[in-house]
Amino acid sequence: MTDTITAAQIPGYTAGTYVIDASHSTVSFSVRHVVAKVRGVIEHIEGTIVLADDPAASTVEASVDPATINTRNADRDAHLRSGDFFATDEHPQWTFRSTGARVVDGEYLVDGIIQLRGIEREITLALEVGGFGVDGFGNPRVGATATFTISRDEYGISFNTTLETGGLMLGDDVKVEVEISAVKQ
C-alpha cells in the first residue's frame, strides 16, 4: 500500500538544501565472483539533496567517478576501469537524479534515473533515513542509506568468463549501498 510521506513521520526533519559530504559518505557494492562475492567502493561521490517542506517533493542529484573504484586489488581495479567494464575514459561520471519519493508498506522509496556508461534507466532506491543532527562544528546534517540492485548487462557491462566446471565467473546482479552524510547550506 502506498502512503504519503509527511515531515511529521521523520523525526527531526529539516527542509533545506544539503550538500553531500564526500569524506563521510560511501558508495559500496558487491557482485558474485565464482563462489564468493567481490566487494568494493567508489571513492568519489558528490551531489545535492533538496529536502522540501513536503518530503515527497524533495530531490536528489548525485554523481560518482567510477575511475575511483577500489576493490583492494590494483590489477582488478585497472581492468574494471577498462572498456570491458566501466570504460572510465569514455564515461568519467555516473549520475542519479530523483524523480519522486513515496512510502510503500512503511518503506521509504526514491524513484529516479541512473546513468552508467551513457545508458539511462529508471530505478527505485530503498531508503533508510539515518536522521538529522548537528555535528561538532555546528553544521546541520542529514544521514541516509540507499540500497538498490542493478543488472550489469542492462548497462553494457557483459564481460564474463565460462568456468571449467560450468557456469559464469561473474554474476549479473550488482548490489549497491550508498551511505550519505550531507551538510545543510
# chains A, B, ... in the order shown; residues from 1 in each chain; ligands from 1

call {"tool": "residues_around", "arguments": {"residues": "Thr88 (chain A)", "least_positions_apart": "2", "cutoff": "12 Å", "atoms": "only C-alpha atoms", "output": "NGL selection string"}}
result
:A and (64-69 or 77-86 or 90-94 or 116-118)

call {"tool": "residues_around", "arguments": {"residues": "Val134 (chain A)", "least_positions_apart": "6", "cutoff": "12 Å", "atoms": "only C-alpha atoms", "output": "VMD selection string"}}
result
chain A and resid 12 14 140 to 143 181 to 184

call {"tool": "residues_around", "arguments": {"residues": "Ala7 (chain A)", "least_positions_apart": "2", "cutoff": "7 Å", "atoms": "only C-alpha atoms", "output": "list of chain:residue names"}}
result
A:Ile5, A:Gln9, A:Ile10, A:Tyr13, A:Asp54, A:Pro55

call {"tool": "write_last_selection", "arguments": {"atoms": "C-alpha atoms", "output": "PDB file, in the first residue's frame"}}
result
ATOM      1  CA  ILE A   5       5.223  10.978   3.272  1.00  0.00           C
ATOM      2  CA  GLN A   9       6.761  10.995  10.147  1.00  0.00           C
ATOM      3  CA  ILE A  10      10.510  11.682  10.029  1.00  0.00           C
ATOM      4  CA  TYR A  13      13.048  16.514   9.550  1.00  0.00           C
ATOM      5  CA  ASP A  54       6.638  18.258   1.625  1.00  0.00           C
ATOM      6  CA  PRO A  55       9.152  15.356   1.724  1.00  0.00           C
TER       7      PRO A  55
END

call {"tool": "closest_residue", "arguments": {"among": "A:Asp153, A:His24, A:Gly171, A:Ala101", "to": "Ile119 (chain A)", "atoms": "only C-alpha atoms"}}
result
A:Asp153

call {"tool": "atom_distance", "arguments": {"atom1": "CA of Glu164 (chain A)", "atom2": "CA of Thr149 (chain A)"}}
result
27.8 Å

call {"tool": "decode", "arguments": {"residues": "region 146-182 of chain A", "atoms": "N, CA, C and O atoms", "output": "tab-separated table (two decimals), in the first residue's frame"}}
result
chain	number	residue	atom	x	y	z
A	146	ALA	N	20.89	4.36	1.10
A	146	ALA	CA	20.08	3.93	-0.04
A	146	ALA	C	20.66	2.61	-0.56
A	146	ALA	O	21.89	2.48	-0.68
A	147	THR	N	19.79	1.67	-0.86
A	147	THR	CA	20.24	0.39	-1.42
A	147	THR	C	19.45	0.09	-2.68
A	147	THR	O	18.28	0.46	-2.80
A	148	PHE	N	20.14	-0.57	-3.63
A	148	PHE	CA	19.49	-0.98	-4.87
A	148	PHE	C	20.34	-2.03	-5.53
A	148	PHE	O	21.50	-2.24	-5.18
A	149	THR	N	19.76	-2.71	-6.51
A	149	THR	CA	20.47	-3.73	-7.28
A	149	THR	C	20.32	-3.38	-8.75
A	149	THR	O	19.24	-3.01	-9.20
A	150	ILE	N	21.43	-3.48	-9.49
A	150	ILE	CA	21.38	-3.26	-10.94
A	150	ILE	C	21.87	-4.52	-11.65
A	150	ILE	O	22.60	-5.32	-11.08
A	151	SER	N	21.48	-4.64	-12.90
A	151	SER	CA	21.95	-5.70	-13.78
A	151	SER	C	23.11	-5.16	-14.60
A	151	SER	O	22.95	-4.14	-15.30
A	152	ARG	N	24.26	-5.81	-14.54
A	152	ARG	CA	25.42	-5.37	-15.34
A	152	ARG	C	25.06	-5.32	-16.82
A	152	ARG	O	25.42	-4.38	-17.53
A	153	ASP	N	24.37	-6.37	-17.30
A	153	ASP	CA	24.03	-6.46	-18.72
A	153	ASP	C	23.22	-5.27	-19.22
A	153	ASP	O	23.39	-4.82	-20.35
A	154	GLU	N	22.32	-4.73	-18.37
A	154	GLU	CA	21.48	-3.61	-18.79
A	154	GLU	C	22.29	-2.35	-19.09
A	154	GLU	O	21.81	-1.43	-19.73
A	155	TYR	N	23.52	-2.30	-18.58
A	155	TYR	CA	24.38	-1.14	-18.80
A	155	TYR	C	25.57	-1.46	-19.70
A	155	TYR	O	26.56	-0.74	-19.71
A	156	GLY	N	25.46	-2.55	-20.44
A	156	GLY	CA	26.50	-2.90	-21.40
A	156	GLY	C	27.78	-3.43	-20.76
A	156	GLY	O	28.84	-3.39	-21.37
A	157	ILE	N	27.68	-3.90	-19.52
A	157	ILE	CA	28.84	-4.46	-18.82
A	157	ILE	C	28.68	-5.98	-18.82
A	157	ILE	O	28.25	-6.58	-17.85
A	158	SER	N	28.99	-6.59	-19.96
A	158	SER	CA	28.69	-8.01	-20.13
A	158	SER	C	29.92	-8.91	-20.10
A	158	SER	O	29.80	-10.12	-20.28
A	159	PHE	N	31.11	-8.34	-19.85
A	159	PHE	CA	32.31	-9.17	-19.79
A	159	PHE	C	32.11	-10.31	-18.80
A	159	PHE	O	31.61	-10.12	-17.70
A	160	ASN	N	32.51	-11.52	-19.21
A	160	ASN	CA	32.41	-12.68	-18.35
A	160	ASN	C	33.30	-13.78	-18.89
A	160	ASN	O	33.79	-13.69	-20.02
A	161	THR	N	33.49	-14.82	-18.10
A	161	THR	CA	34.29	-15.97	-18.49
A	161	THR	C	33.54	-17.22	-18.05
A	161	THR	O	33.01	-17.27	-16.94
A	162	THR	N	33.51	-18.23	-18.93
A	162	THR	CA	32.91	-19.51	-18.57
A	162	THR	C	33.91	-20.30	-17.74
A	162	THR	O	35.08	-20.41	-18.09
A	163	LEU	N	33.43	-20.85	-16.64
A	163	LEU	CA	34.29	-21.64	-15.75
A	163	LEU	C	34.44	-23.07	-16.26
A	163	LEU	O	33.53	-23.59	-16.92
A	164	GLU	N	35.55	-23.69	-15.95
A	164	GLU	CA	35.78	-25.08	-16.36
A	164	GLU	C	34.68	-26.01	-15.84
A	164	GLU	O	34.32	-26.98	-16.48
A	165	THR	N	34.17	-25.70	-14.66
A	165	THR	CA	33.13	-26.53	-14.04
A	165	THR	C	31.73	-26.17	-14.51
A	165	THR	O	30.75	-26.72	-14.03
A	166	GLY	N	31.64	-25.23	-15.45
A	166	GLY	CA	30.34	-24.74	-15.93
A	166	GLY	C	29.96	-23.47	-15.19
A	166	GLY	O	30.51	-23.14	-14.15
A	167	GLY	N	29.03	-22.76	-15.74
A	167	GLY	CA	28.61	-21.50	-15.13
A	167	GLY	C	29.54	-20.37	-15.52
A	167	GLY	O	30.53	-20.55	-16.24
A	168	LEU	N	29.22	-19.20	-15.01
A	168	LEU	CA	29.99	-18.00	-15.34
A	168	LEU	C	30.75	-17.49	-14.13
A	168	LEU	O	30.33	-17.67	-12.98
A	169	MET	N	31.88	-16.84	-14.40
A	169	MET	CA	32.73	-16.32	-13.34
A	169	MET	C	32.04	-15.21	-12.55
A	169	MET	O	32.16	-15.14	-11.33
A	170	LEU	N	31.29	-14.32	-13.26
A	170	LEU	CA	30.69	-13.16	-12.61
A	170	LEU	C	29.17	-13.22	-12.66
A	170	LEU	O	28.59	-13.58	-13.68
A	171	GLY	N	28.55	-12.79	-11.56
A	171	GLY	CA	27.10	-12.65	-11.54
A	171	GLY	C	26.68	-11.40	-12.28
A	171	GLY	O	27.48	-10.48	-12.51
A	172	ASP	N	25.42	-11.35	-12.66
A	172	ASP	CA	24.88	-10.17	-13.35
A	172	ASP	C	24.44	-9.10	-12.37
A	172	ASP	O	24.59	-7.91	-12.63
A	173	ASP	N	23.90	-9.51	-11.23
A	173	ASP	CA	23.37	-8.55	-10.26
A	173	ASP	C	24.48	-7.93	-9.43
A	173	ASP	O	25.33	-8.63	-8.88
A	174	VAL	N	24.44	-6.61	-9.34
A	174	VAL	CA	25.38	-5.87	-8.50
A	174	VAL	C	24.55	-5.17	-7.42
A	174	VAL	O	23.66	-4.38	-7.73
A	175	LYS	N	24.84	-5.50	-6.18
A	175	LYS	CA	24.15	-4.87	-5.05
A	175	LYS	C	24.94	-3.65	-4.63
A	175	LYS	O	26.15	-3.72	-4.42
A	176	VAL	N	24.23	-2.52	-4.50
A	176	VAL	CA	24.88	-1.25	-4.20
A	176	VAL	C	24.28	-0.68	-2.91
A	176	VAL	O	23.07	-0.73	-2.70
A	177	GLU	N	25.16	-0.13	-2.08
A	177	GLU	CA	24.73	0.58	-0.88
A	177	GLU	C	25.40	1.94	-0.85
A	177	GLU	O	26.62	2.02	-1.01
A	178	VAL	N	24.60	2.98	-0.70
A	178	VAL	CA	25.13	4.35	-0.66
A	178	VAL	C	24.82	4.91	0.72
A	178	VAL	O	23.65	5.05	1.10
A	179	GLU	N	25.87	5.18	1.47
A	179	GLU	CA	25.74	5.77	2.81
A	179	GLU	C	26.06	7.25	2.67
A	179	GLU	O	27.16	7.61	2.25
A	180	ILE	N	25.08	8.10	3.00
A	180	ILE	CA	25.21	9.54	2.76
A	180	ILE	C	25.16	10.32	4.07
A	180	ILE	O	24.32	10.08	4.92
A	181	SER	N	26.07	11.27	4.18
A	181	SER	CA	26.01	12.31	5.18
A	181	SER	C	26.08	13.62	4.40
A	181	SER	O	26.98	13.80	3.58
A	182	ALA	N	25.11	14.49	4.61
A	182	ALA	CA	25.08	15.75	3.87
A	182	ALA	C	24.91	16.92	4.83
A	182	ALA	O	24.25	16.81	5.86
